[in-house]
Structures are given as structure tokens and as C-alpha cells.
file model-v2.pdb (PDB, C-alpha atoms)
ATOM      1  CA  MET A  29     -25.129 106.885   4.701
ATOM      2  CA  GLY A  30     -23.019 104.316   6.522
ATOM      3  CA  LYS A  31     -22.723 100.621   6.077
ATOM      4  CA  LYS A  32     -25.585  98.178   6.088
ATOM      5  CA  SER A  33     -25.566  95.807   9.050
ATOM      6  CA  LEU A  34     -24.550  92.235   8.374
ATOM      7  CA  ALA A  35     -27.037  89.405   8.579
ATOM      8  CA  ARG A  36     -27.007  87.418  11.811
ATOM      9  CA  VAL A  37     -24.710  84.406  11.475
ATOM     10  CA  LEU A  38     -26.018  82.522  14.506
ATOM     11  CA  SER A  39     -29.504  81.093  14.908
ATOM     12  CA  ASP A  40     -32.128  82.769  17.089
ATOM     13  CA  SER A  41     -31.410  80.400  19.988
ATOM     14  CA  GLN A  42     -27.663  81.139  20.103
ATOM     15  CA  ALA A  43     -25.461  83.856  21.589
ATOM     16  CA  LYS A  44     -21.728  84.460  21.288
ATOM     17  CA  ALA A  45     -18.869  86.186  23.081
ATOM     18  CA  ILE A  46     -15.245  86.613  22.001
ATOM     19  CA  GLY A  47     -12.261  87.094  24.296
ATOM     20  CA  ARG A  48      -9.279  88.633  22.552
ATOM     21  CA  ASN A  49      -5.654  89.208  23.540
ATOM     22  CA  ILE A  50      -5.561  86.554  26.234
ATOM     23  CA  ARG A  51      -1.945  86.299  27.391
ATOM     24  CA  THR A  52      -1.363  82.568  26.990
ATOM     25  CA  SER A  53      -0.614  80.209  24.161
ATOM     26  CA  PRO A  54      -3.535  78.743  22.195
ATOM     27  CA  ARG A  55      -2.425  75.248  23.159
ATOM     28  CA  LYS A  56      -2.791  75.968  26.886
ATOM     29  CA  LEU A  57      -6.063  77.818  26.356
ATOM     30  CA  ASN A  58      -7.499  74.896  24.393
ATOM     31  CA  LEU A  59      -6.954  72.577  27.355
ATOM     32  CA  VAL A  60      -9.345  74.718  29.401
ATOM     33  CA  ALA A  61     -11.792  75.111  26.500
ATOM     34  CA  GLN A  62     -12.023  71.324  26.149
ATOM     35  CA  THR A  63     -13.323  70.998  29.686
ATOM     36  CA  ILE A  64     -16.432  73.119  28.988
ATOM     37  CA  ARG A  65     -17.411  72.057  25.464
ATOM     38  CA  GLY A  66     -20.874  70.508  25.361
ATOM     39  CA  LYS A  67     -21.654  71.169  29.032
ATOM     40  CA  ARG A  68     -24.553  73.103  30.469
ATOM     41  CA  ALA A  69     -23.632  76.728  31.215
ATOM     42  CA  GLU A  70     -24.027  76.331  34.971
ATOM     43  CA  ALA A  71     -21.805  73.229  35.059
ATOM     44  CA  ALA A  72     -19.219  74.958  32.867
ATOM     45  CA  LEU A  73     -19.093  77.947  35.232
ATOM     46  CA  ASN A  74     -18.529  75.594  38.175
ATOM     47  CA  GLU A  75     -15.793  73.790  36.259
ATOM     48  CA  LEU A  76     -13.989  77.052  35.508
ATOM     49  CA  THR A  77     -14.416  78.416  39.039
ATOM     50  CA  PHE A  78     -12.568  75.497  40.590
ATOM     51  CA  SER A  79     -10.048  74.898  37.806
ATOM     52  CA  PRO A  80      -6.402  75.091  38.935
ATOM     53  CA  ARG A  81      -5.333  76.735  35.660
ATOM     54  CA  LEU A  82      -4.848  80.508  35.750
ATOM     55  CA  VAL A  83      -6.297  81.079  32.292
ATOM     56  CA  ALA A  84      -9.634  79.634  33.489
ATOM     57  CA  ILE A  85     -10.383  83.043  35.032
ATOM     58  CA  GLU A  86     -10.281  84.684  31.590
ATOM     59  CA  VAL A  87     -12.371  81.907  30.023
ATOM     60  CA  LYS A  88     -14.937  82.288  32.812
ATOM     61  CA  LYS A  89     -15.251  86.014  32.041
ATOM     62  CA  VAL A  90     -15.927  85.243  28.374
ATOM     63  CA  LEU A  91     -18.488  82.552  29.263
ATOM     64  CA  GLU A  92     -20.267  84.952  31.639
ATOM     65  CA  SER A  93     -20.336  87.519  28.820
ATOM     66  CA  ALA A  94     -21.889  84.982  26.432
ATOM     67  CA  ILE A  95     -24.532  84.125  29.036
ATOM     68  CA  ALA A  96     -25.281  87.829  29.577
ATOM     69  CA  ASN A  97     -25.560  88.350  25.800
ATOM     70  CA  ALA A  98     -28.016  85.465  25.586
ATOM     71  CA  GLU A  99     -30.138  86.837  28.399
ATOM     72  CA  ASN A 100     -30.133  90.548  27.581
ATOM     73  CA  ASN A 101     -29.758  90.717  23.794
ATOM     74  CA  HIS A 102     -31.580  87.579  22.648
ATOM     75  CA  ASP A 103     -34.090  86.898  25.490
ATOM     76  CA  LEU A 104     -32.938  83.322  26.041
ATOM     77  CA  ASP A 105     -33.529  81.338  29.231
ATOM     78  CA  VAL A 106     -30.289  81.179  31.247
ATOM     79  CA  ASP A 107     -31.174  77.844  32.862
ATOM     80  CA  ASP A 108     -31.379  76.079  29.477
ATOM     81  CA  LEU A 109     -28.066  77.298  27.999
ATOM     82  CA  VAL A 110     -25.466  74.817  26.738
ATOM     83  CA  VAL A 111     -21.930  75.609  25.555
ATOM     84  CA  THR A 112     -22.091  74.381  21.958
ATOM     85  CA  GLU A 113     -18.791  75.830  20.751
ATOM     86  CA  ALA A 114     -15.574  76.934  22.432
ATOM     87  CA  SER A 115     -13.001  77.594  19.726
ATOM     88  CA  VAL A 116      -9.480  78.851  20.282
ATOM     89  CA  GLY A 117      -7.302  80.752  17.834
ATOM     90  CA  LYS A 118      -3.986  82.543  17.555
ATOM     91  CA  ASN A 119      -3.646  86.259  18.078
ATOM     92  CA  MET A 120      -0.609  88.541  18.037
ATOM     93  CA  ILE A 121       2.879  87.487  19.134
ATOM     94  CA  LEU A 122       5.221  89.751  21.074
ATOM     95  CA  LYS A 123       8.744  89.232  19.798
ATOM     96  CA  ARG A 124      11.586  89.756  22.212
ATOM     97  CA  PHE A 125      15.213  88.724  22.249
ATOM     98  CA  HIS A 126      17.518  87.240  24.815
ATOM     99  CA  ALA A 127      21.224  88.063  24.740
ATOM    100  CA  ARG A 128      23.439  85.023  24.271
ATOM    101  CA  ALA A 129      27.149  84.331  24.168
ATOM    102  CA  ARG A 130      29.535  85.889  21.588
ATOM    103  CA  GLY A 131      27.220  88.807  20.875
ATOM    104  CA  ARG A 132      24.441  86.668  19.496
ATOM    105  CA  GLY A 133      20.783  86.821  20.358
ATOM    106  CA  ALA A 134      17.992  84.282  20.697
ATOM    107  CA  SER A 135      14.388  85.111  19.890
ATOM    108  CA  ILE A 136      11.652  84.824  22.482
ATOM    109  CA  GLU A 137       8.042  84.686  21.341
ATOM    110  CA  LYS A 138       5.276  85.589  23.770
ATOM    111  CA  PRO A 139       2.031  84.407  22.183
ATOM    112  CA  PHE A 140      -1.467  85.767  22.715
ATOM    113  CA  SER A 141      -4.653  83.907  21.834
ATOM    114  CA  GLN A 142      -8.384  84.407  21.547
ATOM    115  CA  ILE A 143     -11.435  82.328  22.424
ATOM    116  CA  THR A 144     -14.938  82.314  20.968
ATOM    117  CA  ILE A 145     -17.726  80.826  23.069
ATOM    118  CA  VAL A 146     -21.182  80.124  21.625
ATOM    119  CA  VAL A 147     -24.052  79.187  23.942
ATOM    120  CA  GLU A 148     -27.339  77.755  22.732
ATOM    121  CA  GLU A 149     -30.688  77.376  24.406
ATOM    122  CA  LYS A 150     -31.624  73.704  24.615
ATOM    123  CA  PRO A 151     -34.480  72.765  26.934
ATOM    124  CA  ALA A 152     -33.527  70.146  29.502
ATOM    125  CA  GLU A 153     -35.020  66.751  28.769
ATOM    126  CA  LYS A 154     -36.467  65.153  31.845
ATOM    127  CA  GLU A 155     -35.518  61.532  32.104
ATOM    128  CA  GLU A 156     -37.769  58.986  33.733
ATOM    129  CA  PRO A 157     -36.074  57.084  36.548
ATOM    130  CA  LYS A 158     -35.018  53.668  35.349
ATOM    131  CA  LYS A 159     -36.371  50.683  37.216
ATOM    132  CA  LYS A 160     -33.780  48.426  38.701
ATOM    133  CA  PRO A 161     -34.063  44.767  37.696
ATOM    134  CA  ALA A 162     -35.268  42.468  40.432
ATOM    135  CA  ALA A 163     -32.379  40.943  42.329
ATOM    136  CA  LYS A 164     -32.086  37.168  42.260
ATOM    137  CA  LYS A 165     -32.795  35.707  45.631
ATOM    138  CA  THR A 166     -30.704  32.818  46.777
ATOM    139  CA  THR A 167     -31.981  30.855  49.689
ATOM    140  CA  ALA A 168     -29.807  29.182  52.240
ATOM    141  CA  LYS A 169     -31.999  26.065  52.151
ATOM    142  CA  LYS A 170     -30.815  25.090  48.676
ATOM    143  CA  ALA A 171     -27.157  25.674  49.457
ATOM    144  CA  ALA A 172     -27.176  23.839  52.782
ATOM    145  CA  PRO A 173     -27.982  20.324  51.511
ATOM    146  CA  ALA A 174     -25.205  20.542  48.918
ATOM    147  CA  ARG A 175     -22.673  21.298  51.629
ATOM    148  CA  ALA A 176     -24.032  18.460  53.743
ATOM    149  CA  LYS A 177     -23.517  15.981  50.920
ATOM    150  CA  GLU A 178     -19.931  17.093  50.383
ATOM    151  CA  THR A 179     -18.985  16.596  54.009
ATOM    152  CA  ALA A 180     -20.673  13.188  54.271
TER     153      ALA A 180
END

call {"tool": "encode", "arguments": {"input": "model-v2.pdb", "output": "C-alpha cells"}}
result
Amino acid sequence: MGKKSLARVLSDSQAKAIGRNIRTSPRKLNLVAQTIRGKRAEAALNELTFSPRLVAIEVKKVLESAIANAENNHDLDVDDLVVTEASVGKNMILKRFHARARGRGASIEKPFSQITIVVEEKPAEKEEPKKKPAAKKTTAKKAAPARAKETA
């Protein structure tokens, strides 16, 4: 009895984690999410560790969860993970009121948001070191006679 399980939405080289009910607005959360999109997982963790924004702690927890899901559930190599998607969405809103003059009230909205992080295994491409072009050599012998002519 029971429901049939849904087909896997992500590819075999991807893993996902969702952080819900994060107590900040989606606009502020998206600023942190932008800093990790497209980066390697290790670089993204470093970025979040040293970020001055308080919500970066919550995003780091979700990223660590996505990395753990990739390693334990999908047998992906942790060293080759890249953050392919970091999407932010709205969640619930706490509605409060603030008493104002003449018996009136003003509404206060305290928004919550959620973040979805998808990591994908992409092997690192090793780049060959580029050769520097040969520097042009200027000799003092050529420049010296020109100066001698000008002074004469």
C-alpha cells in the first residue's frame, strides 16, 4: 500500500539540499547566494566562512548538507563538487502590528525565506601553464647615439 516514490529529478551527478524557514528576507539571502553560485564547493565554503553577513552561517549549513548528501547518498567525489544552483524563495511571513497615534496601528511584516542548493560533480580540468611571450630587449647602445646627436 502506500505511495509510489517519485522519479529522481536531478541527474546522477547532482545532489541537493533545502534550507527552510530562514529568518531573513529573500532579498538579503540572495545577496549571499550570489557569492557562491558557480564556485567550487571548497571555495564556496571559504567564502561563507569569512562572510560578514549573519545569514551566511545558515547558507553554510545548507551547503554542507548538500555536500554530505552528495558524498553519502550519491557516492560523488567531494573534491570535484561545484555549486551549480543556489535559488532563493519566499516562505511564511509573521504579521505583527505596531501601535500608532490616535488608536491606529501599523503592520509589521517579518519575512522568512528558503534556499535550495544543488551541487554537481564536475572533474577539475587541468590547465597547461601558458608560456610568457619573450620580452623585447632594448639595448643601451642604440639609444645612446640618438641622445648624443640631440646634444650636439

call {"tool": "residues_around", "arguments": {"input": "model-v2.pdb", "residues": "region 58-61 of chain A", "least_positions_apart": "4", "cutoff": "7 Å", "atoms": "all atoms listed in the file", "output": "number ranges by chain"}}
result
A: 54, 65, 84, 114, 116

call {"tool": "residues_around", "arguments": {"input": "model-v2.pdb", "residues": "region 30-47 of chain A", "least_positions_apart": "3", "cutoff": "12 Å", "atoms": "only C-alpha atoms", "output": "ChimeraX atom specification"}}
result
/A:50-51,57,83,85-106,108-119,140-151

call {"tool": "write_last_selection", "arguments": {"input": "model-v2.pdb", "atoms": "C-alpha atoms", "output": "short mmCIF file (atom, residue, chain, number, x, y, z; two decimals), in the coordinates of the input"}}
result
data_model
loop_
_atom_site.label_atom_id
_atom_site.label_comp_id
_atom_site.auth_asym_id
_atom_site.auth_seq_id
_atom_site.Cartn_x
_atom_site.Cartn_y
_atom_site.Cartn_z
CA ILE A 50 -5.56 86.55 26.23
CA ARG A 51 -1.94 86.30 27.39
CA LEU A 57 -6.06 77.82 26.36
CA VAL A 83 -6.30 81.08 32.29
CA ILE A 85 -10.38 83.04 35.03
CA GLU A 86 -10.28 84.68 31.59
CA VAL A 87 -12.37 81.91 30.02
CA LYS A 88 -14.94 82.29 32.81
CA LYS A 89 -15.25 86.01 32.04
CA VAL A 90 -15.93 85.24 28.37
CA LEU A 91 -18.49 82.55 29.26
CA GLU A 92 -20.27 84.95 31.64
CA SER A 93 -20.34 87.52 28.82
CA ALA A 94 -21.89 84.98 26.43
CA ILE A 95 -24.53 84.12 29.04
CA ALA A 96 -25.28 87.83 29.58
CA ASN A 97 -25.56 88.35 25.80
CA ALA A 98 -28.02 85.46 25.59
CA GLU A 99 -30.14 86.84 28.40
CA ASN A 100 -30.13 90.55 27.58
CA ASN A 101 -29.76 90.72 23.79
CA HIS A 102 -31.58 87.58 22.65
CA ASP A 103 -34.09 86.90 25.49
CA LEU A 104 -32.94 83.32 26.04
CA ASP A 105 -33.53 81.34 29.23
CA VAL A 106 -30.29 81.18 31.25
CA ASP A 108 -31.38 76.08 29.48
CA LEU A 109 -28.07 77.30 28.00
CA VAL A 110 -25.47 74.82 26.74
CA VAL A 111 -21.93 75.61 25.56
CA THR A 112 -22.09 74.38 21.96
CA GLU A 113 -18.79 75.83 20.75
CA ALA A 114 -15.57 76.93 22.43
CA SER A 115 -13.00 77.59 19.73
CA VAL A 116 -9.48 78.85 20.28
CA GLY A 117 -7.30 80.75 17.83
CA LYS A 118 -3.99 82.54 17.56
CA ASN A 119 -3.65 86.26 18.08
CA PHE A 140 -1.47 85.77 22.72
CA SER A 141 -4.65 83.91 21.83
CA GLN A 142 -8.38 84.41 21.55
CA ILE A 143 -11.44 82.33 22.42
CA THR A 144 -14.94 82.31 20.97
CA ILE A 145 -17.73 80.83 23.07
CA VAL A 146 -21.18 80.12 21.62
CA VAL A 147 -24.05 79.19 23.94
CA GLU A 148 -27.34 77.76 22.73
CA GLU A 149 -30.69 77.38 24.41
CA LYS A 150 -31.62 73.70 24.62
CA PRO A 151 -34.48 72.76 26.93
#

call {"tool": "resolve_selection", "arguments": {"input": "model-v2.pdb", "expression": "the PyMOL selection byres ((chain A and resi 137) around 7)", "output": "PyMOL selection string"}}
result
chain A and resi 121-124+135-136+138-139

call {"tool": "axis_aligned_box", "arguments": {"input": "model-v2.pdb", "around": "region 123-135 of chain A", "padding_each_side": "6 Å", "output": "lines of an AutoDock Vina configuration file"}}
result
center_x = 19.1
center_y = 87.0
center_z = 22.2
size_x = 32.8
size_y = 17.5
size_z = 17.3

call {"tool": "atom_distance", "arguments": {"input": "model-v2.pdb", "atom1": "CA of Asp107 (chain A)", "atom2": "CA of Ala152 (chain A)"}}
result
8.7 Å

call {"tool": "closest_residue", "arguments": {"input": "model-v2.pdb", "among": "A:Ala162, A:Leu76, A:Met29, A:Leu82", "to": "Thr63 (chain A)", "atoms": "only C-alpha atoms"}}
result
A:Leu76

call {"tool": "decode", "arguments": {"input": "model-v2.pdb", "residues": "region 32-176 of chain A", "atoms": "C-alpha atoms", "output": "PDB file, in the first residue's frame"}}
result
ATOM      1  CA  LYS A  32       4.989   5.118  -5.182  1.00  0.00           C
ATOM      2  CA  SER A  33       8.245   7.048  -4.916  1.00  0.00           C
ATOM      3  CA  LEU A  34       8.756   9.882  -7.355  1.00  0.00           C
ATOM      4  CA  ALA A  35      11.334   9.680 -10.103  1.00  0.00           C
ATOM      5  CA  ARG A  36      14.626  11.430  -9.404  1.00  0.00           C
ATOM      6  CA  VAL A  37      14.531  14.984 -10.755  1.00  0.00           C
ATOM      7  CA  LEU A  38      18.281  15.596 -10.633  1.00  0.00           C
ATOM      8  CA  SER A  39      20.900  13.800 -12.700  1.00  0.00           C
ATOM      9  CA  ASP A  40      23.129  11.099 -11.220  1.00  0.00           C
ATOM     10  CA  SER A  41      25.994  13.562 -10.721  1.00  0.00           C
ATOM     11  CA  GLN A  42      23.934  16.063  -8.694  1.00  0.00           C
ATOM     12  CA  ALA A  43      22.832  16.389  -5.072  1.00  0.00           C
ATOM     13  CA  LYS A  44      20.520  18.892  -3.402  1.00  0.00           C
ATOM     14  CA  ALA A  45      19.752  20.379  -0.002  1.00  0.00           C
ATOM     15  CA  ILE A  46      16.976  22.775   1.017  1.00  0.00           C
ATOM     16  CA  GLY A  47      17.059  25.192   3.941  1.00  0.00           C
ATOM     17  CA  ARG A  48      13.618  26.309   5.044  1.00  0.00           C
ATOM     18  CA  ASN A  49      12.354  28.955   7.461  1.00  0.00           C
ATOM     19  CA  ILE A  50      15.489  31.069   7.396  1.00  0.00           C
ATOM     20  CA  ARG A  51      14.711  34.237   9.356  1.00  0.00           C
ATOM     21  CA  THR A  52      15.712  36.874   6.813  1.00  0.00           C
ATOM     22  CA  SER A  53      14.197  38.415   3.737  1.00  0.00           C
ATOM     23  CA  PRO A  54      14.754  36.695   0.379  1.00  0.00           C
ATOM     24  CA  ARG A  55      16.434  39.826  -0.942  1.00  0.00           C
ATOM     25  CA  LYS A  56      19.143  39.718   1.739  1.00  0.00           C
ATOM     26  CA  LEU A  57      19.551  35.961   1.383  1.00  0.00           C
ATOM     27  CA  ASN A  58      20.004  36.277  -2.379  1.00  0.00           C
ATOM     28  CA  LEU A  59      22.981  38.587  -1.873  1.00  0.00           C
ATOM     29  CA  VAL A  60      24.794  35.765  -0.074  1.00  0.00           C
ATOM     30  CA  ALA A  61      23.615  33.141  -2.579  1.00  0.00           C
ATOM     31  CA  GLN A  62      25.074  35.185  -5.445  1.00  0.00           C
ATOM     32  CA  THR A  63      28.541  34.947  -3.951  1.00  0.00           C
ATOM     33  CA  ILE A  64      28.625  31.126  -4.166  1.00  0.00           C
ATOM     34  CA  ARG A  65      26.874  30.423  -7.475  1.00  0.00           C
ATOM     35  CA  GLY A  66      29.149  28.634  -9.929  1.00  0.00           C
ATOM     36  CA  LYS A  67      32.043  28.229  -7.483  1.00  0.00           C
ATOM     37  CA  ARG A  68      33.730  25.036  -6.404  1.00  0.00           C
ATOM     38  CA  ALA A  69      32.303  23.694  -3.132  1.00  0.00           C
ATOM     39  CA  GLU A  70      35.524  24.241  -1.197  1.00  0.00           C
ATOM     40  CA  ALA A  71      35.826  27.860  -2.371  1.00  0.00           C
ATOM     41  CA  ALA A  72      32.157  28.478  -1.575  1.00  0.00           C
ATOM     42  CA  LEU A  73      32.622  27.165   1.975  1.00  0.00           C
ATOM     43  CA  ASN A  74      35.589  29.506   2.453  1.00  0.00           C
ATOM     44  CA  GLU A  75      33.562  32.415   1.097  1.00  0.00           C
ATOM     45  CA  LEU A  76      30.718  31.735   3.528  1.00  0.00           C
ATOM     46  CA  THR A  77      33.033  31.160   6.497  1.00  0.00           C
ATOM     47  CA  PHE A  78      34.554  34.616   6.220  1.00  0.00           C
ATOM     48  CA  SER A  79      31.459  36.488   5.048  1.00  0.00           C
ATOM     49  CA  PRO A  80      30.453  39.404   7.304  1.00  0.00           C
ATOM     50  CA  ARG A  81      26.738  38.712   6.774  1.00  0.00           C
ATOM     51  CA  LEU A  82      24.961  36.831   9.565  1.00  0.00           C
ATOM     52  CA  VAL A  83      22.793  34.788   7.217  1.00  0.00           C
ATOM     53  CA  ALA A  84      25.952  33.249   5.696  1.00  0.00           C
ATOM     54  CA  ILE A  85      26.040  30.864   8.674  1.00  0.00           C
ATOM     55  CA  GLU A  86      22.670  29.389   7.661  1.00  0.00           C
ATOM     56  CA  VAL A  87      23.683  29.173   3.991  1.00  0.00           C
ATOM     57  CA  LYS A  88      26.897  27.397   5.001  1.00  0.00           C
ATOM     58  CA  LYS A  89      24.877  24.781   6.909  1.00  0.00           C
ATOM     59  CA  VAL A  90      22.744  24.115   3.826  1.00  0.00           C
ATOM     60  CA  LEU A  91      25.820  23.882   1.572  1.00  0.00           C
ATOM     61  CA  GLU A  92      27.475  21.436   3.991  1.00  0.00           C
ATOM     62  CA  SER A  93      24.269  19.373   3.928  1.00  0.00           C
ATOM     63  CA  ALA A  94      24.292  19.296   0.114  1.00  0.00           C
ATOM     64  CA  ILE A  95      27.932  18.176   0.143  1.00  0.00           C
ATOM     65  CA  ALA A  96      27.131  15.448   2.691  1.00  0.00           C
ATOM     66  CA  ASN A  97      24.170  14.296   0.564  1.00  0.00           C
ATOM     67  CA  ALA A  98      26.437  14.082  -2.472  1.00  0.00           C
ATOM     68  CA  GLU A  99      29.031  12.059  -0.606  1.00  0.00           C
ATOM     69  CA  ASN A 100      26.824   9.693   1.387  1.00  0.00           C
ATOM     70  CA  ASN A 101      23.686   9.262  -0.730  1.00  0.00           C
ATOM     71  CA  HIS A 102      25.042   9.541  -4.274  1.00  0.00           C
ATOM     72  CA  ASP A 103      28.723   8.458  -3.926  1.00  0.00           C
ATOM     73  CA  LEU A 104      30.103  11.603  -5.545  1.00  0.00           C
ATOM     74  CA  ASP A 105      33.665  12.861  -5.113  1.00  0.00           C
ATOM     75  CA  VAL A 106      33.684  15.818  -2.696  1.00  0.00           C
ATOM     76  CA  ASP A 107      36.768  17.402  -4.277  1.00  0.00           C
ATOM     77  CA  ASP A 108      35.043  17.749  -7.671  1.00  0.00           C
ATOM     78  CA  LEU A 109      31.779  19.359  -6.488  1.00  0.00           C
ATOM     79  CA  VAL A 110      30.606  22.678  -7.943  1.00  0.00           C
ATOM     80  CA  VAL A 111      27.639  24.768  -6.776  1.00  0.00           C
ATOM     81  CA  THR A 112      25.503  24.792  -9.925  1.00  0.00           C
ATOM     82  CA  GLU A 113      22.353  26.298  -8.421  1.00  0.00           C
ATOM     83  CA  ALA A 114      21.590  28.421  -5.372  1.00  0.00           C
ATOM     84  CA  SER A 115      17.991  29.588  -5.624  1.00  0.00           C
ATOM     85  CA  VAL A 116      16.157  31.672  -3.058  1.00  0.00           C
ATOM     86  CA  GLY A 117      12.419  31.826  -2.465  1.00  0.00           C
ATOM     87  CA  LYS A 118       9.822  33.291  -0.143  1.00  0.00           C
ATOM     88  CA  ASN A 119       8.471  31.403   2.825  1.00  0.00           C
ATOM     89  CA  MET A 120       5.983  32.394   5.519  1.00  0.00           C
ATOM     90  CA  ILE A 121       5.561  35.932   6.852  1.00  0.00           C
ATOM     91  CA  LEU A 122       4.928  36.716  10.507  1.00  0.00           C
ATOM     92  CA  LYS A 123       2.456  39.571  10.725  1.00  0.00           C
ATOM     93  CA  ARG A 124       2.681  41.871  13.698  1.00  0.00           C
ATOM     94  CA  PHE A 125       1.376  45.332  14.434  1.00  0.00           C
ATOM     95  CA  HIS A 126       2.835  48.448  15.939  1.00  0.00           C
ATOM     96  CA  ALA A 127       0.615  50.834  17.888  1.00  0.00           C
ATOM     97  CA  ARG A 128       0.471  54.318  16.403  1.00  0.00           C
ATOM     98  CA  ALA A 129      -1.126  57.616  17.312  1.00  0.00           C
ATOM     99  CA  ARG A 130      -4.920  58.117  17.673  1.00  0.00           C
ATOM    100  CA  GLY A 131      -5.575  54.434  18.295  1.00  0.00           C
ATOM    101  CA  ARG A 132      -4.354  53.326  14.906  1.00  0.00           C
ATOM    102  CA  GLY A 133      -1.975  50.518  14.129  1.00  0.00           C
ATOM    103  CA  ALA A 134       0.729  49.924  11.543  1.00  0.00           C
ATOM    104  CA  SER A 135       1.524  46.478  10.196  1.00  0.00           C
ATOM    105  CA  ILE A 136       4.955  44.939  10.565  1.00  0.00           C
ATOM    106  CA  GLU A 137       5.911  42.015   8.353  1.00  0.00           C
ATOM    107  CA  LYS A 138       8.727  39.710   9.412  1.00  0.00           C
ATOM    108  CA  PRO A 139       9.609  37.627   6.357  1.00  0.00           C
ATOM    109  CA  PHE A 140      11.145  34.164   6.249  1.00  0.00           C
ATOM    110  CA  SER A 141      12.824  32.651   3.203  1.00  0.00           C
ATOM    111  CA  GLN A 142      14.216  29.389   1.910  1.00  0.00           C
ATOM    112  CA  ILE A 143      17.262  28.402  -0.128  1.00  0.00           C
ATOM    113  CA  THR A 144      17.872  25.436  -2.413  1.00  0.00           C
ATOM    114  CA  ILE A 145      21.468  24.500  -3.182  1.00  0.00           C
ATOM    115  CA  VAL A 146      22.357  21.987  -5.905  1.00  0.00           C
ATOM    116  CA  VAL A 147      25.923  20.690  -6.199  1.00  0.00           C
ATOM    117  CA  GLU A 148      27.220  18.786  -9.202  1.00  0.00           C
ATOM    118  CA  GLU A 149      30.292  16.674  -9.709  1.00  0.00           C
ATOM    119  CA  LYS A 150      32.474  18.191 -12.420  1.00  0.00           C
ATOM    120  CA  PRO A 151      36.036  16.906 -12.708  1.00  0.00           C
ATOM    121  CA  ALA A 152      38.641  19.650 -12.494  1.00  0.00           C
ATOM    122  CA  GLU A 153      40.260  20.410 -15.825  1.00  0.00           C
ATOM    123  CA  LYS A 154      43.989  20.747 -15.535  1.00  0.00           C
ATOM    124  CA  GLU A 155      45.266  23.713 -17.447  1.00  0.00           C
ATOM    125  CA  GLU A 156      48.691  23.757 -19.018  1.00  0.00           C
ATOM    126  CA  PRO A 157      50.816  26.689 -17.876  1.00  0.00           C
ATOM    127  CA  LYS A 158      50.843  29.374 -20.523  1.00  0.00           C
ATOM    128  CA  LYS A 159      54.197  30.424 -21.892  1.00  0.00           C
ATOM    129  CA  LYS A 160      55.023  34.050 -21.476  1.00  0.00           C
ATOM    130  CA  PRO A 161      55.956  35.869 -24.686  1.00  0.00           C
ATOM    131  CA  ALA A 162      59.608  36.763 -24.989  1.00  0.00           C
ATOM    132  CA  ALA A 163      60.289  40.249 -23.705  1.00  0.00           C
ATOM    133  CA  LYS A 164      61.702  42.741 -26.182  1.00  0.00           C
ATOM    134  CA  LYS A 165      65.237  43.622 -25.328  1.00  0.00           C
ATOM    135  CA  THR A 166      66.318  47.183 -25.746  1.00  0.00           C
ATOM    136  CA  THR A 167      69.996  47.847 -25.740  1.00  0.00           C
ATOM    137  CA  ALA A 168      71.588  50.972 -24.423  1.00  0.00           C
ATOM    138  CA  LYS A 169      73.921  51.124 -27.434  1.00  0.00           C
ATOM    139  CA  LYS A 170      71.112  52.065 -29.812  1.00  0.00           C
ATOM    140  CA  ALA A 171      69.670  54.698 -27.507  1.00  0.00           C
ATOM    141  CA  ALA A 172      72.992  56.335 -26.665  1.00  0.00           C
ATOM    142  CA  PRO A 173      73.917  57.615 -30.148  1.00  0.00           C
ATOM    143  CA  ALA A 174      70.492  59.227 -30.549  1.00  0.00           C
ATOM    144  CA  ARG A 175      70.996  61.193 -27.354  1.00  0.00           C
ATOM    145  CA  ALA A 176      74.479  62.190 -28.470  1.00  0.00           C
TER     146      ALA A 176
END
